[in-house]
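For reference, protein_7.cif (mmCIF, C-alpha atoms):
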```cif
data_input
#
loop_
_atom_site.group_PDB
_atom_site.id
_atom_site.type_symbol
_atom_site.label_atom_id
_atom_site.label_comp_id
_atom_site.auth_asym_id
_atom_site.auth_seq_id
_atom_site.Cartn_x
_atom_site.Cartn_y
_atom_site.Cartn_z
ATOM 1 C CA MET A 6 57.394 72.760 162.880
ATOM 2 C CA GLN A 7 60.942 71.494 163.137
ATOM 3 C CA LEU A 8 61.395 70.567 159.505
ATOM 4 C CA VAL A 9 60.060 73.857 158.104
ATOM 5 C CA GLU A 10 62.030 75.911 160.609
ATOM 6 C CA ALA A 11 65.221 74.046 159.770
ATOM 7 C CA ALA A 12 64.571 74.519 156.058
ATOM 8 C CA PHE A 13 63.984 78.248 156.531
ATOM 9 C CA GLN A 14 67.160 78.658 158.560
ATOM 10 C CA SER A 15 69.313 76.720 156.111
ATOM 11 C CA THR A 16 67.792 78.552 153.134
ATOM 12 C CA ASN A 17 68.510 81.952 154.673
ATOM 13 C CA ARG A 18 72.087 80.870 155.465
ATOM 14 C CA TYR A 19 72.502 79.743 151.860
ATOM 15 C CA ILE A 20 71.218 83.087 150.541
ATOM 16 C CA GLU A 21 73.668 84.911 152.809
ATOM 17 C CA ALA A 22 76.527 82.702 151.629
ATOM 18 C CA LEU A 23 75.676 83.412 147.990
ATOM 19 C CA ALA A 24 75.412 87.140 148.645
ATOM 20 C CA ASN A 25 78.877 87.192 150.231
ATOM 21 C CA SER A 26 80.495 84.989 147.585
ATOM 22 C CA ARG A 27 81.995 86.192 144.329
ATOM 23 C CA ARG A 28 79.323 86.458 141.676
ATOM 24 C CA ARG A 29 79.843 85.791 137.984
ATOM 25 C CA THR A 30 79.548 88.877 135.774
ATOM 26 C CA HIS A 31 79.513 89.002 131.989
ATOM 27 C CA GLN A 32 79.860 92.008 129.698
ATOM 28 C CA VAL A 33 76.957 92.454 127.259
ATOM 29 C CA ASN A 34 77.142 94.867 124.312
ATOM 30 C CA GLU A 35 74.911 95.999 121.435
ATOM 31 C CA ILE A 36 71.733 95.859 123.507
ATOM 32 C CA GLU A 37 68.635 96.590 121.419
ATOM 33 C CA LEU A 38 64.925 96.481 122.209
ATOM 34 C CA GLN A 39 63.251 93.683 120.242
ATOM 35 C CA GLU A 40 59.741 93.547 121.639
ATOM 36 C CA TYR A 41 57.496 95.387 124.044
ATOM 37 C CA VAL A 42 54.406 93.790 125.592
ATOM 38 C CA PRO A 43 52.191 96.356 127.349
ATOM 39 C CA PRO A 44 50.747 95.549 130.774
ATOM 40 C CA ASP A 45 47.288 94.050 131.210
ATOM 41 C CA ASP A 46 45.178 92.566 133.982
ATOM 42 C CA GLN A 47 47.252 89.385 134.027
ATOM 43 C CA GLN A 48 50.837 90.644 133.945
ATOM 44 C CA ASN A 49 53.095 93.659 134.013
ATOM 45 C CA ALA A 50 54.774 95.196 131.016
ATOM 46 C CA ARG A 51 57.558 93.118 129.453
ATOM 47 C CA PHE A 52 60.564 94.328 127.480
ATOM 48 C CA THR A 53 62.610 91.881 125.407
ATOM 49 C CA TYR A 54 66.148 92.774 124.345
ATOM 50 C CA SER A 55 68.926 91.298 122.235
ATOM 51 C CA GLY A 56 72.599 91.542 123.061
ATOM 52 C CA GLU A 57 75.979 89.941 122.536
ATOM 53 C CA THR A 58 78.686 88.720 124.894
ATOM 54 C CA ASP A 59 82.137 87.316 124.225
ATOM 55 C CA GLN A 60 82.144 85.202 127.389
ATOM 56 C CA LYS A 61 80.506 81.840 127.904
ATOM 57 C CA LEU A 62 77.539 82.159 130.203
ATOM 58 C CA ARG A 63 76.607 79.675 132.905
ATOM 59 C CA TYR A 64 73.406 79.113 134.869
ATOM 60 C CA LEU A 65 71.372 80.362 131.951
ATOM 61 C CA GLU A 66 68.019 78.951 132.979
ATOM 62 C CA GLY A 67 66.486 81.436 135.352
ATOM 63 C CA ILE A 68 66.710 84.924 136.676
ATOM 64 C CA ALA A 69 69.837 87.083 136.568
ATOM 65 C CA LYS A 70 70.641 90.732 137.226
ATOM 66 C CA PHE A 71 71.571 93.426 134.711
ATOM 67 C CA GLN A 72 73.838 96.254 135.760
ATOM 68 C CA PRO A 73 74.142 99.189 133.325
ATOM 69 C CA GLN A 74 77.583 100.628 132.971
ATOM 70 C CA GLU A 75 76.595 104.076 134.177
ATOM 71 C CA GLN A 76 74.490 102.877 137.115
ATOM 72 C CA ALA A 77 75.051 100.722 140.161
ATOM 73 C CA GLN A 78 71.418 99.639 140.437
ATOM 74 C CA GLU A 79 70.729 96.083 139.314
ATOM 75 C CA ILE A 80 67.697 95.224 137.188
ATOM 76 C CA GLU A 81 66.160 91.773 137.372
ATOM 77 C CA ILE A 82 66.111 89.997 133.980
ATOM 78 C CA THR A 83 65.307 86.563 132.587
ATOM 79 C CA ILE A 84 67.651 85.077 129.996
ATOM 80 C CA GLU A 85 65.423 83.674 127.243
ATOM 81 C CA GLU A 86 67.916 82.479 124.617
ATOM 82 C CA TYR A 87 71.666 82.184 124.314
ATOM 83 C CA ASP A 88 73.846 80.903 121.450
ATOM 84 C CA THR A 89 77.172 79.606 122.752
ATOM 85 C CA ALA A 90 78.685 79.693 119.261
ATOM 86 C CA THR A 91 77.991 83.361 118.480
ATOM 87 C CA GLY A 92 77.471 84.813 121.980
ATOM 88 C CA LYS A 93 74.155 86.338 120.918
ATOM 89 C CA MET A 94 71.370 86.319 123.473
ATOM 90 C CA ARG A 95 67.826 87.458 124.241
ATOM 91 C CA PHE A 96 66.661 88.516 127.673
ATOM 92 C CA SER A 97 63.534 90.116 129.064
ATOM 93 C CA SER A 98 62.730 92.431 131.948
ATOM 94 C CA ALA A 99 59.774 94.209 133.506
ATOM 95 C CA CYS A 100 61.831 97.430 133.454
ATOM 96 C CA GLN A 101 62.950 99.419 130.459
ATOM 97 C CA ILE A 102 66.697 99.381 129.787
ATOM 98 C CA THR A 103 68.102 102.425 128.006
ATOM 99 C CA ALA A 104 71.785 101.512 128.104
ATOM 100 C CA ASN A 105 73.312 99.854 125.037
ATOM 101 C CA SER A 106 75.792 97.873 127.141
ATOM 102 C CA GLY A 107 76.221 96.612 130.670
ATOM 103 C CA ARG A 108 77.029 93.604 132.787
ATOM 104 C CA ILE A 109 74.930 90.564 133.567
ATOM 105 C CA VAL A 110 75.316 89.267 137.114
ATOM 106 C CA ILE A 111 74.541 85.588 137.524
ATOM 107 C CA ASP A 112 74.171 83.725 140.802
ATOM 108 C CA LEU A 113 71.777 81.224 142.346
ATOM 109 C CA ARG A 114 70.111 83.495 144.860
ATOM 110 C CA TRP A 115 66.926 83.636 142.779
ATOM 111 C CA LEU A 116 66.673 79.846 142.929
ATOM 112 C CA VAL A 117 67.149 79.634 146.690
ATOM 113 C CA GLU A 118 64.736 82.520 147.175
ATOM 114 C CA GLN A 119 62.123 80.544 145.239
ATOM 115 C CA VAL A 120 62.663 77.640 147.655
ATOM 116 C CA ARG A 121 62.152 79.986 150.597
ATOM 117 C CA ASN A 122 58.995 81.407 149.018
ATOM 118 C CA TRP A 123 57.657 77.899 148.446
ATOM 119 C CA LEU A 124 58.318 76.983 152.065
ATOM 120 C CA GLY A 125 56.434 80.069 153.149
ATOM 121 C CA ALA A 126 53.435 79.184 150.994
ATOM 122 C CA HIS A 127 53.331 75.403 151.468
ATOM 123 C CA GLY A 128 55.522 74.621 154.470
ATOM 124 C CA ALA A 129 52.537 74.204 156.784
ATOM 125 C CA ASN A 130 51.450 71.166 154.742
ATOM 126 C CA LEU A 131 54.704 69.297 155.382
ATOM 127 C CA PRO A 132 54.934 66.704 158.156
ATOM 128 C CA SER A 133 56.679 67.941 161.287
ATOM 129 C CA GLN A 134 59.474 65.347 161.142
ATOM 130 C CA PHE A 135 60.456 61.958 159.789
ATOM 131 C CA PRO A 136 62.083 59.331 161.995
ATOM 132 C CA ILE A 137 65.454 58.063 160.820
ATOM 133 C CA GLN A 138 65.312 54.299 160.341
ATOM 134 C CA PHE A 139 68.787 53.605 158.993
ATOM 135 C CA GLN A 140 70.217 50.141 159.575
ATOM 136 C CA GLY A 141 73.837 49.765 158.539
ATOM 137 C CA ASP A 142 73.644 45.981 158.327
ATOM 138 C CA HIS A 143 71.103 46.310 155.538
ATOM 139 C CA PHE A 144 73.756 47.686 153.166
ATOM 140 C CA VAL A 145 76.485 45.196 152.376
ATOM 141 C CA GLY A 146 79.798 46.991 151.865
ATOM 142 C CA PHE A 147 78.207 50.301 152.797
ATOM 143 C CA ASP A 148 80.756 51.278 155.465
ATOM 144 C CA ASP A 149 83.612 50.847 152.993
ATOM 145 C CA ASP A 150 82.010 53.413 150.700
ATOM 146 C CA LEU A 151 81.596 55.882 153.532
ATOM 147 C CA ASN A 152 85.261 55.695 154.513
ATOM 148 C CA ASN A 153 86.005 58.130 151.670
ATOM 149 C CA LEU A 154 83.603 60.757 153.105
ATOM 150 C CA ASN A 155 84.117 63.221 155.895
ATOM 151 C CA GLN A 156 81.912 63.168 158.985
ATOM 152 C CA GLU A 157 79.287 65.581 157.643
ATOM 153 C CA GLN A 158 79.060 63.819 154.267
ATOM 154 C CA ASN A 159 78.862 60.436 156.016
ATOM 155 C CA SER A 160 75.985 61.654 158.160
ATOM 156 C CA ALA A 161 74.203 63.160 155.152
ATOM 157 C CA VAL A 162 74.352 59.893 153.178
ATOM 158 C CA ARG A 163 73.109 57.843 156.128
ATOM 159 C CA THR A 164 70.270 60.314 156.712
ATOM 160 C CA ALA A 165 69.286 60.352 153.035
ATOM 161 C CA LEU A 166 69.165 56.551 152.774
ATOM 162 C CA GLY A 167 67.517 56.086 156.151
ATOM 163 C CA SER A 168 64.783 58.730 155.900
ATOM 164 C CA LYS A 169 61.629 59.163 153.884
ATOM 165 C CA LEU A 170 62.585 62.806 153.351
ATOM 166 C CA SER A 171 65.893 64.532 153.931
ATOM 167 C CA TYR A 172 67.168 68.063 153.319
ATOM 168 C CA VAL A 173 70.905 68.431 152.819
ATOM 169 C CA TRP A 174 72.355 71.941 152.916
ATOM 170 C CA GLY A 175 75.880 73.144 152.398
ATOM 171 C CA PRO A 176 77.803 75.973 150.714
ATOM 172 C CA PRO A 177 79.217 75.384 147.232
ATOM 173 C CA GLY A 178 82.139 72.961 147.163
ATOM 174 C CA THR A 179 81.175 70.910 150.225
ATOM 175 C CA GLY A 180 80.428 67.753 148.197
ATOM 176 C CA LYS A 181 76.611 67.753 148.218
ATOM 177 C CA THR A 182 76.491 66.504 144.628
ATOM 178 C CA THR A 183 79.825 64.814 143.968
ATOM 179 C CA ARG A 184 80.015 62.969 147.294
ATOM 180 C CA VAL A 185 76.639 62.786 149.074
ATOM 181 C CA LEU A 186 74.256 62.463 146.139
ATOM 182 C CA ALA A 187 76.589 60.292 144.057
ATOM 183 C CA THR A 188 77.275 57.897 146.955
ATOM 184 C CA ALA A 189 73.593 57.600 147.883
ATOM 185 C CA VAL A 190 72.537 56.946 144.287
ATOM 186 C CA ARG A 191 75.300 54.379 143.767
ATOM 187 C CA GLN A 192 74.159 52.494 146.860
ATOM 188 C CA CYS A 193 70.610 52.359 145.503
ATOM 189 C CA VAL A 194 71.655 51.340 141.981
ATOM 190 C CA ASN A 195 73.904 48.585 143.331
ATOM 191 C CA ARG A 196 70.806 47.155 145.021
ATOM 192 C CA ARG A 197 68.712 47.384 141.831
ATOM 193 C CA LYS A 198 66.708 50.351 143.056
ATOM 194 C CA THR A 199 65.373 53.005 140.694
ATOM 195 C CA VAL A 200 66.408 56.591 141.430
ATOM 196 C CA PHE A 201 64.762 59.655 139.880
ATOM 197 C CA VAL A 202 67.223 62.585 139.907
ATOM 198 C CA LEU A 203 65.649 66.033 139.501
ATOM 199 C CA ALA A 204 67.242 69.481 139.284
ATOM 200 C CA PRO A 205 66.018 72.990 138.434
ATOM 201 C CA SER A 206 68.044 73.315 135.213
ATOM 202 C CA ASN A 207 69.487 71.170 132.438
ATOM 203 C CA ASN A 208 73.011 72.102 133.494
ATOM 204 C CA ALA A 209 72.311 71.067 137.092
ATOM 205 C CA VAL A 210 70.902 67.708 135.961
ATOM 206 C CA ASP A 211 73.995 67.046 133.868
ATOM 207 C CA ASN A 212 76.301 68.001 136.753
ATOM 208 C CA ALA A 213 74.478 65.558 139.017
ATOM 209 C CA LEU A 214 74.649 62.758 136.444
ATOM 210 C CA GLU A 215 78.349 63.466 135.828
ATOM 211 C CA ALA A 216 78.955 62.967 139.554
ATOM 212 C CA ILE A 217 76.877 59.774 139.613
ATOM 213 C CA LEU A 218 78.690 58.342 136.593
ATOM 214 C CA GLY A 219 82.012 59.360 138.095
ATOM 215 C CA SER A 220 81.169 57.445 141.276
ATOM 216 C CA GLY A 221 81.101 54.170 139.358
ATOM 217 C CA VAL A 222 77.516 53.846 138.121
ATOM 218 C CA ALA A 223 77.591 52.328 134.613
ATOM 219 C CA GLU A 224 76.262 54.373 131.702
ATOM 220 C CA SER A 225 73.946 51.482 130.835
ATOM 221 C CA ASN A 226 72.135 52.152 134.133
ATOM 222 C CA VAL A 227 71.575 55.861 133.466
ATOM 223 C CA LEU A 228 68.900 57.420 131.249
ATOM 224 C CA ARG A 229 69.107 61.173 130.687
ATOM 225 C CA ARG A 230 65.578 62.405 129.973
ATOM 226 C CA GLY A 231 64.903 65.751 128.339
ATOM 227 C CA LEU A 232 67.483 68.014 126.677
ATOM 228 C CA PRO A 233 71.077 67.573 127.862
ATOM 229 C CA THR A 234 73.815 70.126 127.409
ATOM 230 C CA GLN A 235 75.980 69.669 124.336
ATOM 231 C CA LYS A 236 78.961 68.648 126.476
ATOM 232 C CA PHE A 237 77.026 65.895 128.251
ATOM 233 C CA LEU A 238 75.607 64.723 124.927
ATOM 234 C CA ASN A 239 79.117 64.480 123.477
ATOM 235 C CA ASP A 240 80.615 62.795 126.555
ATOM 236 C CA HIS A 241 77.772 60.355 127.301
ATOM 237 C CA PRO A 242 75.661 59.853 124.149
ATOM 238 C CA THR A 243 74.506 56.367 125.179
ATOM 239 C CA CYS A 244 72.810 57.821 128.272
ATOM 240 C CA CYS A 245 70.747 60.418 126.435
ATOM 241 C CA GLU A 246 67.135 59.740 125.569
ATOM 242 C CA SER A 247 67.419 61.443 122.178
ATOM 243 C CA LYS A 248 70.420 59.308 121.145
ATOM 244 C CA ILE A 249 68.741 56.135 122.387
ATOM 245 C CA THR A 250 65.624 57.016 120.395
ATOM 246 C CA GLN A 251 67.694 57.740 117.299
ATOM 247 C CA LYS A 252 69.514 54.427 117.723
ATOM 248 C CA GLU A 253 66.222 52.542 118.037
ATOM 249 C CA ILE A 254 64.859 54.323 114.951
ATOM 250 C CA GLN A 255 67.993 53.364 113.021
ATOM 251 C CA LEU A 256 67.635 49.721 114.104
ATOM 252 C CA GLN A 257 64.045 49.704 112.884
ATOM 253 C CA ARG A 258 65.111 51.294 109.597
ATOM 254 C CA ASP A 259 67.786 48.623 109.148
ATOM 255 C CA LYS A 260 65.163 45.914 109.711
ATOM 256 C CA ILE A 261 62.901 47.524 107.113
ATOM 257 C CA LEU A 262 65.764 47.681 104.607
ATOM 258 C CA ARG A 263 66.549 43.991 105.166
ATOM 259 C CA ILE A 264 62.909 43.057 104.616
ATOM 260 C CA GLU A 265 62.752 45.182 101.465
ATOM 261 C CA CYS A 266 65.887 43.459 100.138
ATOM 262 C CA GLN A 267 64.324 40.055 100.789
ATOM 263 C CA ILE A 268 61.157 41.123 98.975
ATOM 264 C CA ARG A 269 63.164 42.363 95.995
ATOM 265 C CA LEU A 270 65.102 39.086 95.928
ATOM 266 C CA LEU A 271 61.875 37.056 95.957
ATOM 267 C CA ARG A 272 60.444 39.212 93.202
ATOM 268 C CA ALA A 273 63.631 38.787 91.161
ATOM 269 C CA ASN A 274 63.392 34.992 91.549
ATOM 270 C CA GLU A 275 59.733 35.081 90.501
ATOM 271 C CA VAL A 276 60.572 37.172 87.449
ATOM 272 C CA GLN A 277 63.378 34.779 86.528
ATOM 273 C CA ALA A 278 61.030 31.794 86.817
ATOM 274 C CA ILE A 279 58.438 33.547 84.652
ATOM 275 C CA LEU A 280 61.085 34.358 82.037
ATOM 276 C CA GLU A 281 62.223 30.714 81.970
ATOM 277 C CA ILE A 282 58.632 29.497 81.557
ATOM 278 C CA ARG A 283 58.085 32.005 78.764
ATOM 279 C CA SER A 284 61.274 30.847 77.046
ATOM 280 C CA GLU A 285 60.232 27.179 77.241
ATOM 281 C CA THR A 286 56.778 28.096 75.957
ATOM 282 C CA ARG A 287 58.280 29.949 73.006
ATOM 283 C CA ASP A 288 60.461 26.915 72.186
ATOM 284 C CA ILE A 289 57.442 24.592 72.258
ATOM 285 C CA LEU A 290 55.382 26.929 70.091
ATOM 286 C CA ALA A 291 58.245 27.250 67.624
ATOM 287 C CA ALA A 292 58.565 23.451 67.374
ATOM 288 C CA GLN A 293 54.829 23.091 66.806
ATOM 289 C CA ARG A 294 54.910 25.813 64.178
ATOM 290 C CA ASP A 295 57.735 24.063 62.324
ATOM 291 C CA PHE A 296 55.865 20.755 62.454
ATOM 292 C CA LEU A 297 52.640 22.252 61.181
ATOM 293 C CA THR A 298 54.467 24.154 58.467
ATOM 294 C CA GLY A 299 56.057 20.911 57.250
ATOM 295 C CA GLN A 300 52.747 19.106 57.234
ATOM 296 C CA ALA A 301 51.113 21.872 55.259
ATOM 297 C CA GLY A 302 53.506 21.191 52.367
ATOM 298 C CA ASN A 303 51.830 17.800 51.584
ATOM 299 C CA SER A 304 48.890 17.761 49.166
ATOM 300 C CA ASP A 305 45.411 16.715 50.194
ATOM 301 C CA SER A 306 45.595 13.550 48.081
ATOM 302 C CA GLN A 307 48.795 12.475 49.723
ATOM 303 C CA VAL A 308 47.295 12.980 53.177
ATOM 304 C CA TRP A 309 44.184 11.003 52.108
ATOM 305 C CA LYS A 310 46.328 8.176 50.710
ATOM 306 C CA GLU A 311 48.293 7.907 53.957
ATOM 307 C CA MET A 312 45.052 7.778 55.934
ATOM 308 C CA SER A 313 43.654 5.054 53.671
ATOM 309 C CA ASP A 314 46.758 2.942 53.949
ATOM 310 C CA PHE A 315 46.626 3.287 57.724
ATOM 311 C CA SER A 316 42.992 2.180 57.713
ATOM 312 C CA LYS A 317 43.711 -0.889 55.630
ATOM 313 C CA GLN A 318 46.504 -1.924 57.863
ATOM 314 C CA SER A 319 44.189 -1.494 60.808
ATOM 315 C CA ARG A 320 41.338 -3.364 58.969
ATOM 316 C CA LEU A 321 39.138 -0.360 59.295
ATOM 317 C CA MET A 322 36.698 0.946 56.698
ATOM 318 C CA PRO A 323 38.148 4.152 55.312
ATOM 319 C CA LEU A 324 35.852 7.082 55.313
ATOM 320 C CA ALA A 325 35.167 8.609 51.910
ATOM 321 C CA PRO A 326 34.885 12.329 51.546
ATOM 322 C CA ASN A 327 31.346 13.638 51.631
ATOM 323 C CA LYS A 328 30.357 14.449 48.040
ATOM 324 C CA SER A 329 27.105 16.097 48.910
#
```

Go ahead and render the structure in this file as structure tokens.
Amino acid sequence: MQLVEAAFQSTNRYIEALANSRRRTHQVNEIELQEYVPPDDQQNARFTYSGETDQKLRYLEGIAKFQPQEQAQEIEITIEEYDTATGKMRFSSACQITANSGRIVIDLRWLVEQVRNWLGAHGANLPSQFPIQFQGDHFVGFDDDLNNLNQEQNSAVRTALGSKLSYVWGPPGTGKTTRVLATAVRQCVNRRKTVFVLAPSNNAVDNALEAILGSGVAESNVLRRGLPTQKFLNDHPTCCESKITQKEIQLQRDKILRIECQIRLLRANEVQAILEIRSETRDILAAQRDFLTGQAGNSDSQVWKEMSDFSKQSRLMPLAPNKS
């Protein structure tokens, strides 16, 4: 199968290039065993250690190598946690480490080896090849964008945009991310296409998005899902899902506060109206009380005389008090 064979060849070349390149090493001190998980039917034994380094680590998500000071043999480890502020870290290994210091060797061979292993397990299920159906006339202004690329990058972009599946390989520094990926994504975004950018680590995702943003794609067109690195979060907060969610929550909170203020204002107006009604009621009751108090000062005979006089004037028969 042409595609699988090409992928195997390029993957092996990449592994060789990484093996021959300078690898990053970091000194780790104060190594202590934190946890030991004995082996069982499902997995091998696992040792978890703590340590401290004064250098900033990179490519933290995945497998690295540990090299004790007194030995040349490298031990495969997995970095579990790392605090960039303090340099403290936790890493695990299937082998016991007796040294209290050593060096961590970090490269991407483990990642490429996983790709090769996947091809070996699932490569037979891939189609043999995909025809390239690129049409330059379909992309307005496309050739102008490609003028800034070299021949290999130009071909890679055309293949990526003209194929259902493409596999771009190149040693570090050849522009796979900053030139090929960024140009291809910008072409799609400019034509209102949706692009889903995946990478094996948070740092790799952020590097890809940095290249895409640097190519001219607006931040309003980029959504960073998941957990970004602190640097990307600081540089591009409006792209990050967590910041967007926090902003939306704050907007909803502001709306709730405005509604609560309106409710309090309405309640204050209602209370004021009730107080005014109560005040008017008290004034009316006070006036009635004064009137009744004044009337109570007259004697019964005087009241009867006034009623009789009123009856005479009205030619009505006055009513005598009941003597029974």

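Put simply, CA of Asp211 (chain A) is 26.8 Å away from CA of Arg108 (chain A).
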
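Distances to Ala104 (chain A) were evaluated for A:Ala161, A:Ala90, A:Val33, A:Ile82 using all atoms listed in the file, and the minimum falls at A:Val33.
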
One decimal, Å: what's the distance from CA of Val210 (chain A) over to CA of Ser97 (chain A), could you say? 24.6 Å

Residues returned when the PyMOL selection byres ((chain A and resi 83) around 10) runs on this file, as a list in words: Thr53, Leu65, Glu66, Gly67, Ile68, Ala69, Lys70, Phe71, Glu81, Ile82, Ile84, Glu85, Glu86, Arg95, Phe96, Ser97, Ser98 and Ala99 of chain A

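The two atoms in question, CA of Asn195 (chain A) and CA of Gly180 (chain A), are spaced 20.8 Å apart.
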
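Residues in contact with Cys100 (chain A) at 8 Å, where only C-alpha atoms are counted and same-chain residues fewer than 2 positions away are skipped, are listed as Ala50, Arg51, Phe52, Ile80, Ser98 and Ile102 of chain A.
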
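Omitting Val222 (chain A) and its sequence neighbours fewer than 3 positions away, and counting only C-alpha atoms, the residues within 12 Å are Ala187, Thr188, Ala189, Val190, Arg191, Gln192, Cys193, Val194, Asn195, Arg196, Arg197, Val200, Leu214, Glu215, Ala216, Ile217, Leu218, Gly219, Ser225, Asn226, Val227, Leu228 and Cys244 of chain A.
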
Output region 150-167 of chain A as a PDB file, keeping the file's coordinate frame, making sure N, CA and C atoms are there.
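Heads up, here's the output in part-v3.pdb:
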```pdb
ATOM      1  N   ASP A 150      82.248  52.258 151.545  1.00  0.00           N
ATOM      2  CA  ASP A 150      82.010  53.413 150.700  1.00  0.00           C
ATOM      3  C   ASP A 150      82.072  54.710 151.489  1.00  0.00           C
ATOM      4  N   LEU A 151      81.623  54.666 152.725  1.00  0.00           N
ATOM      5  CA  LEU A 151      81.596  55.882 153.532  1.00  0.00           C
ATOM      6  C   LEU A 151      82.958  56.251 154.095  1.00  0.00           C
ATOM      7  N   ASN A 152      83.933  55.377 154.005  1.00  0.00           N
ATOM      8  CA  ASN A 152      85.261  55.695 154.513  1.00  0.00           C
ATOM      9  C   ASN A 152      85.904  56.838 153.734  1.00  0.00           C
ATOM     10  N   ASN A 153      85.442  57.063 152.487  1.00  0.00           N
ATOM     11  CA  ASN A 153      86.005  58.130 151.670  1.00  0.00           C
ATOM     12  C   ASN A 153      85.330  59.481 151.933  1.00  0.00           C
ATOM     13  N   LEU A 154      84.336  59.529 152.819  1.00  0.00           N
ATOM     14  CA  LEU A 154      83.603  60.757 153.105  1.00  0.00           C
ATOM     15  C   LEU A 154      84.034  61.323 154.455  1.00  0.00           C
ATOM     16  N   ASN A 155      83.869  62.637 154.585  1.00  0.00           N
ATOM     17  CA  ASN A 155      84.117  63.221 155.895  1.00  0.00           C
ATOM     18  C   ASN A 155      82.904  63.001 156.801  1.00  0.00           C
ATOM     19  N   GLN A 156      82.965  63.465 158.018  1.00  0.00           N
ATOM     20  CA  GLN A 156      81.912  63.168 158.985  1.00  0.00           C
ATOM     21  C   GLN A 156      80.559  63.732 158.555  1.00  0.00           C
ATOM     22  N   GLU A 157      80.545  64.979 158.051  1.00  0.00           N
ATOM     23  CA  GLU A 157      79.287  65.581 157.643  1.00  0.00           C
ATOM     24  C   GLU A 157      78.694  64.872 156.433  1.00  0.00           C
ATOM     25  N   GLN A 158      79.538  64.535 155.448  1.00  0.00           N
ATOM     26  CA  GLN A 158      79.060  63.819 154.267  1.00  0.00           C
ATOM     27  C   GLN A 158      78.556  62.436 154.639  1.00  0.00           C
ATOM     28  N   ASN A 159      79.277  61.753 155.539  1.00  0.00           N
ATOM     29  CA  ASN A 159      78.862  60.436 156.016  1.00  0.00           C
ATOM     30  C   ASN A 159      77.480  60.505 156.643  1.00  0.00           C
ATOM     31  N   SER A 160      77.277  61.495 157.497  1.00  0.00           N
ATOM     32  CA  SER A 160      75.985  61.654 158.160  1.00  0.00           C
ATOM     33  C   SER A 160      74.886  61.976 157.158  1.00  0.00           C
ATOM     34  N   ALA A 161      75.207  62.785 156.155  1.00  0.00           N
ATOM     35  CA  ALA A 161      74.203  63.160 155.152  1.00  0.00           C
ATOM     36  C   ALA A 161      73.757  61.947 154.338  1.00  0.00           C
ATOM     37  N   VAL A 162      74.705  61.086 153.950  1.00  0.00           N
ATOM     38  CA  VAL A 162      74.352  59.893 153.178  1.00  0.00           C
ATOM     39  C   VAL A 162      73.496  58.947 154.015  1.00  0.00           C
ATOM     40  N   ARG A 163      73.888  58.729 155.252  1.00  0.00           N
ATOM     41  CA  ARG A 163      73.109  57.843 156.128  1.00  0.00           C
ATOM     42  C   ARG A 163      71.698  58.390 156.344  1.00  0.00           C
ATOM     43  N   THR A 164      71.593  59.706 156.521  1.00  0.00           N
ATOM     44  CA  THR A 164      70.270  60.314 156.712  1.00  0.00           C
ATOM     45  C   THR A 164      69.424  60.178 155.453  1.00  0.00           C
ATOM     46  N   ALA A 165      70.029  60.420 154.292  1.00  0.00           N
ATOM     47  CA  ALA A 165      69.286  60.352 153.035  1.00  0.00           C
ATOM     48  C   ALA A 165      68.758  58.942 152.764  1.00  0.00           C
ATOM     49  N   LEU A 166      69.580  57.932 153.041  1.00  0.00           N
ATOM     50  CA  LEU A 166      69.165  56.551 152.774  1.00  0.00           C
ATOM     51  C   LEU A 166      68.297  55.988 153.889  1.00  0.00           C
ATOM     52  N   GLY A 167      68.305  56.609 155.045  1.00  0.00           N
ATOM     53  CA  GLY A 167      67.517  56.086 156.151  1.00  0.00           C
ATOM     54  C   GLY A 167      66.258  56.861 156.442  1.00  0.00           C
TER      55      GLY A 167
END
```
